[in-house]
Amino acid sequence: MTTIFSKIISKEVPADIVYEDEFALAFLDINPVQPGHTLVIPKTPSIDGLVCGPEDLARLIVIGQKVGLALKEVVQCDGINFIMNNGEAAGQEVFHTHLHVIPRFSDDGAFEEPIVGEYEEGEATSLADTLATTIKN
Ligand code: 5GP
């Protein structure tokens, strides 16, 4: 699938690139949650993190760590969110695997009003047991 990110990789569409190697690219998000908000993407296209190859997926986190450390120095943020939206229901809009690296400041108000749920008695144990036997090695 061709997305806007394929065109950023091929340089048909400009982006503010902060890191590039043979396998991956990192560039500033056009609509940042905070200044410095960066997207890290594999050059090999895959729709999302659930189907991305394990080596590319691992690279995204390692590059995210490098970008996050640089952001702490450059924008002097207090923390960093690594976020990956997988699927439309999870908020994904561009269907090329990407990791958001988002600088956060104490009390910056981003992502306010999180949904906090609760489990019924025994529900968490049962769900964890089912997940544990379903996770594939
Ligand atoms: P998603 O919601 O799919 O996890 O995030 C996609 C992100 O890509 C959004 O934060 C959006 O601002 C960013 N984005 C979409 N189009 C472009 C673009 O053309 N250039 C850049 N730099 N970012 C983009």
# chains A, B, ... in the order shown; residues from 1 in each chain; ligands from 1

$ residues_around --residues "Ile61 of chain A" --least-positions-apart "6" --cutoff "10 Å" --atoms "only C-alpha atoms" --output "ChimeraX atom specification"
/A:40,67-68,82,99-101

$ residues_near_ligand --ligand "ligand 1" --cutoff "8 Å" --atoms "only C-alpha atoms and all ligand atoms" --output "VMD selection string"
chain A and resid 4 to 5 8 13 to 16 27 to 33 39 83 to 86 91 to 96 98 to 100

$ atom_distance --atom1 "atom CA of Ile115 of chain A" --atom2 "atom CA of Glu88 of chain A"
18.1 Å

$ residues_around --residues "Ala110 of chain A" --least-positions-apart "4" --cutoff "12 Å" --atoms "only C-alpha atoms" --output "PyMOL selection string"
chain A and resi 32-34+80-81+102-106+114

$ write_last_selection --atoms "all heavy atoms" --output "PDB file, in the first residue's frame"
ATOM      1  N   PRO A  32       2.287  18.391  15.493  1.00  0.00           N
ATOM      2  CA  PRO A  32       2.868  17.849  16.728  1.00  0.00           C
ATOM      3  C   PRO A  32       1.982  18.023  17.960  1.00  0.00           C
ATOM      4  O   PRO A  32       1.349  19.060  18.127  1.00  0.00           O
ATOM      5  CB  PRO A  32       4.151  18.676  16.894  1.00  0.00           C
ATOM      6  CG  PRO A  32       3.865  19.969  16.204  1.00  0.00           C
ATOM      7  CD  PRO A  32       2.983  19.619  15.035  1.00  0.00           C
ATOM      8  N   VAL A  33       1.980  16.997  18.812  1.00  0.00           N
ATOM      9  CA  VAL A  33       1.356  17.114  20.143  1.00  0.00           C
ATOM     10  C   VAL A  33       2.176  18.122  20.956  1.00  0.00           C
ATOM     11  O   VAL A  33       1.631  18.931  21.700  1.00  0.00           O
ATOM     12  CB  VAL A  33       1.332  15.738  20.850  1.00  0.00           C
ATOM     13  CG1 VAL A  33       0.874  15.872  22.297  1.00  0.00           C
ATOM     14  CG2 VAL A  33       0.429  14.766  20.094  1.00  0.00           C
ATOM     15  N   GLN A  34       3.480  18.063  20.804  1.00  0.00           N
ATOM     16  CA  GLN A  34       4.427  19.016  21.394  1.00  0.00           C
ATOM     17  C   GLN A  34       5.534  19.231  20.353  1.00  0.00           C
ATOM     18  O   GLN A  34       5.817  18.316  19.570  1.00  0.00           O
ATOM     19  CB  GLN A  34       5.077  18.456  22.676  1.00  0.00           C
ATOM     20  CG  GLN A  34       4.131  18.203  23.823  1.00  0.00           C
ATOM     21  CD  GLN A  34       3.627  19.484  24.457  1.00  0.00           C
ATOM     22  OE1 GLN A  34       4.167  20.566  24.230  1.00  0.00           O
ATOM     23  NE2 GLN A  34       2.573  19.371  25.250  1.00  0.00           N
ATOM     24  N   ILE A  80       9.102  11.323  27.843  1.00  0.00           N
ATOM     25  CA  ILE A  80       8.863  10.979  26.428  1.00  0.00           C
ATOM     26  C   ILE A  80       7.809   9.882  26.368  1.00  0.00           C
ATOM     27  O   ILE A  80       7.916   8.894  27.084  1.00  0.00           O
ATOM     28  CB  ILE A  80      10.154  10.412  25.772  1.00  0.00           C
ATOM     29  CG1 ILE A  80      11.299  11.430  25.757  1.00  0.00           C
ATOM     30  CG2 ILE A  80       9.885   9.841  24.389  1.00  0.00           C
ATOM     31  CD1 ILE A  80      11.250  12.462  24.667  1.00  0.00           C
ATOM     32  N   ASN A  81       6.809  10.040  25.522  1.00  0.00           N
ATOM     33  CA  ASN A  81       5.890   8.937  25.217  1.00  0.00           C
ATOM     34  C   ASN A  81       6.355   8.246  23.935  1.00  0.00           C
ATOM     35  O   ASN A  81       6.629   8.911  22.935  1.00  0.00           O
ATOM     36  CB  ASN A  81       4.467   9.438  24.948  1.00  0.00           C
ATOM     37  CG  ASN A  81       3.711   9.846  26.191  1.00  0.00           C
ATOM     38  OD1 ASN A  81       3.205  10.952  26.281  1.00  0.00           O
ATOM     39  ND2 ASN A  81       3.614   8.966  27.140  1.00  0.00           N
ATOM     40  N   ILE A 102       7.090  11.332  21.525  1.00  0.00           N
ATOM     41  CA  ILE A 102       6.446  12.607  21.887  1.00  0.00           C
ATOM     42  C   ILE A 102       7.059  13.183  23.162  1.00  0.00           C
ATOM     43  O   ILE A 102       6.975  12.562  24.233  1.00  0.00           O
ATOM     44  CB  ILE A 102       4.926  12.409  22.082  1.00  0.00           C
ATOM     45  CG1 ILE A 102       4.315  11.784  20.823  1.00  0.00           C
ATOM     46  CG2 ILE A 102       4.250  13.734  22.429  1.00  0.00           C
ATOM     47  CD1 ILE A 102       2.835  11.462  20.934  1.00  0.00           C
ATOM     48  N   PRO A 103       7.675  14.371  23.039  1.00  0.00           N
ATOM     49  CA  PRO A 103       8.201  15.010  24.252  1.00  0.00           C
ATOM     50  C   PRO A 103       7.059  15.428  25.169  1.00  0.00           C
ATOM     51  O   PRO A 103       6.019  15.888  24.685  1.00  0.00           O
ATOM     52  CB  PRO A 103       8.929  16.257  23.734  1.00  0.00           C
ATOM     53  CG  PRO A 103       8.849  16.227  22.263  1.00  0.00           C
ATOM     54  CD  PRO A 103       7.868  15.188  21.842  1.00  0.00           C
ATOM     55  N   ARG A 104       7.239  15.245  26.466  1.00  0.00           N
ATOM     56  CA  ARG A 104       6.208  15.636  27.433  1.00  0.00           C
ATOM     57  C   ARG A 104       6.811  16.520  28.519  1.00  0.00           C
ATOM     58  O   ARG A 104       7.973  16.342  28.899  1.00  0.00           O
ATOM     59  CB  ARG A 104       5.601  14.378  28.088  1.00  0.00           C
ATOM     60  CG  ARG A 104       4.886  13.462  27.102  1.00  0.00           C
ATOM     61  CD  ARG A 104       3.697  14.126  26.430  1.00  0.00           C
ATOM     62  NE  ARG A 104       2.773  14.673  27.403  1.00  0.00           N
ATOM     63  CZ  ARG A 104       1.826  13.960  28.031  1.00  0.00           C
ATOM     64  NH1 ARG A 104       1.658  12.694  27.708  1.00  0.00           N
ATOM     65  NH2 ARG A 104       1.049  14.527  28.929  1.00  0.00           N
ATOM     66  N   PHE A 105       6.011  17.457  28.936  1.00  0.00           N
ATOM     67  CA  PHE A 105       6.419  18.389  29.982  1.00  0.00           C
ATOM     68  C   PHE A 105       5.488  18.189  31.170  1.00  0.00           C
ATOM     69  O   PHE A 105       4.296  17.898  30.983  1.00  0.00           O
ATOM     70  CB  PHE A 105       6.338  19.826  29.449  1.00  0.00           C
ATOM     71  CG  PHE A 105       7.246  20.045  28.273  1.00  0.00           C
ATOM     72  CD1 PHE A 105       6.808  19.769  26.982  1.00  0.00           C
ATOM     73  CD2 PHE A 105       8.556  20.460  28.454  1.00  0.00           C
ATOM     74  CE1 PHE A 105       7.654  19.921  25.887  1.00  0.00           C
ATOM     75  CE2 PHE A 105       9.405  20.616  27.368  1.00  0.00           C
ATOM     76  CZ  PHE A 105       8.959  20.344  26.077  1.00  0.00           C
ATOM     77  N   SER A 106       6.006  18.352  32.363  1.00  0.00           N
ATOM     78  CA  SER A 106       5.174  18.192  33.555  1.00  0.00           C
ATOM     79  C   SER A 106       3.944  19.076  33.417  1.00  0.00           C
ATOM     80  O   SER A 106       4.066  20.251  33.062  1.00  0.00           O
ATOM     81  CB  SER A 106       5.961  18.598  34.801  1.00  0.00           C
ATOM     82  OG  SER A 106       7.121  17.810  34.895  1.00  0.00           O
ATOM     83  N   PRO A 114      -7.893  10.378  30.597  1.00  0.00           N
ATOM     84  CA  PRO A 114      -7.789   8.979  30.158  1.00  0.00           C
ATOM     85  C   PRO A 114      -8.964   8.157  30.688  1.00  0.00           C
ATOM     86  O   PRO A 114      -9.527   8.482  31.728  1.00  0.00           O
ATOM     87  CB  PRO A 114      -6.481   8.508  30.799  1.00  0.00           C
ATOM     88  CG  PRO A 114      -6.303   9.388  31.995  1.00  0.00           C
ATOM     89  CD  PRO A 114      -6.930  10.709  31.640  1.00  0.00           C
TER      90      PRO A 114
END

$ residues_around --residues "Ile41 of chain A" --least-positions-apart "2" --cutoff "10 Å" --atoms "only C-alpha atoms" --output "VMD selection string"
chain A and resid 5 to 6 9 20 23 to 27 38 to 39 43 to 46 56 to 57 59 to 60 63 to 64 96 to 100

$ select_by_dssp --residues "segment 1-76 of chain A" --states "strand (DSSP E or B)" --output "ChimeraX atom specification"
/A:17-20,24-28,38-42

$ closest_residue --among "A:Lys11, A:Ala90, A:Asp48, A:His37" --to "Cys77 of chain A" --atoms "only C-alpha atoms"
A:His37

$ select_by_dssp --residues "chain A" --states "alpha helix (DSSP H)" --output "VMD selection string"
chain A and resid 4 to 9 54 to 74 123 to 134

$ atom_distance --atom1 "atom CA of Cys52 of chain A" --atom2 "atom CA of Lys136 of chain A"
15.4 Å
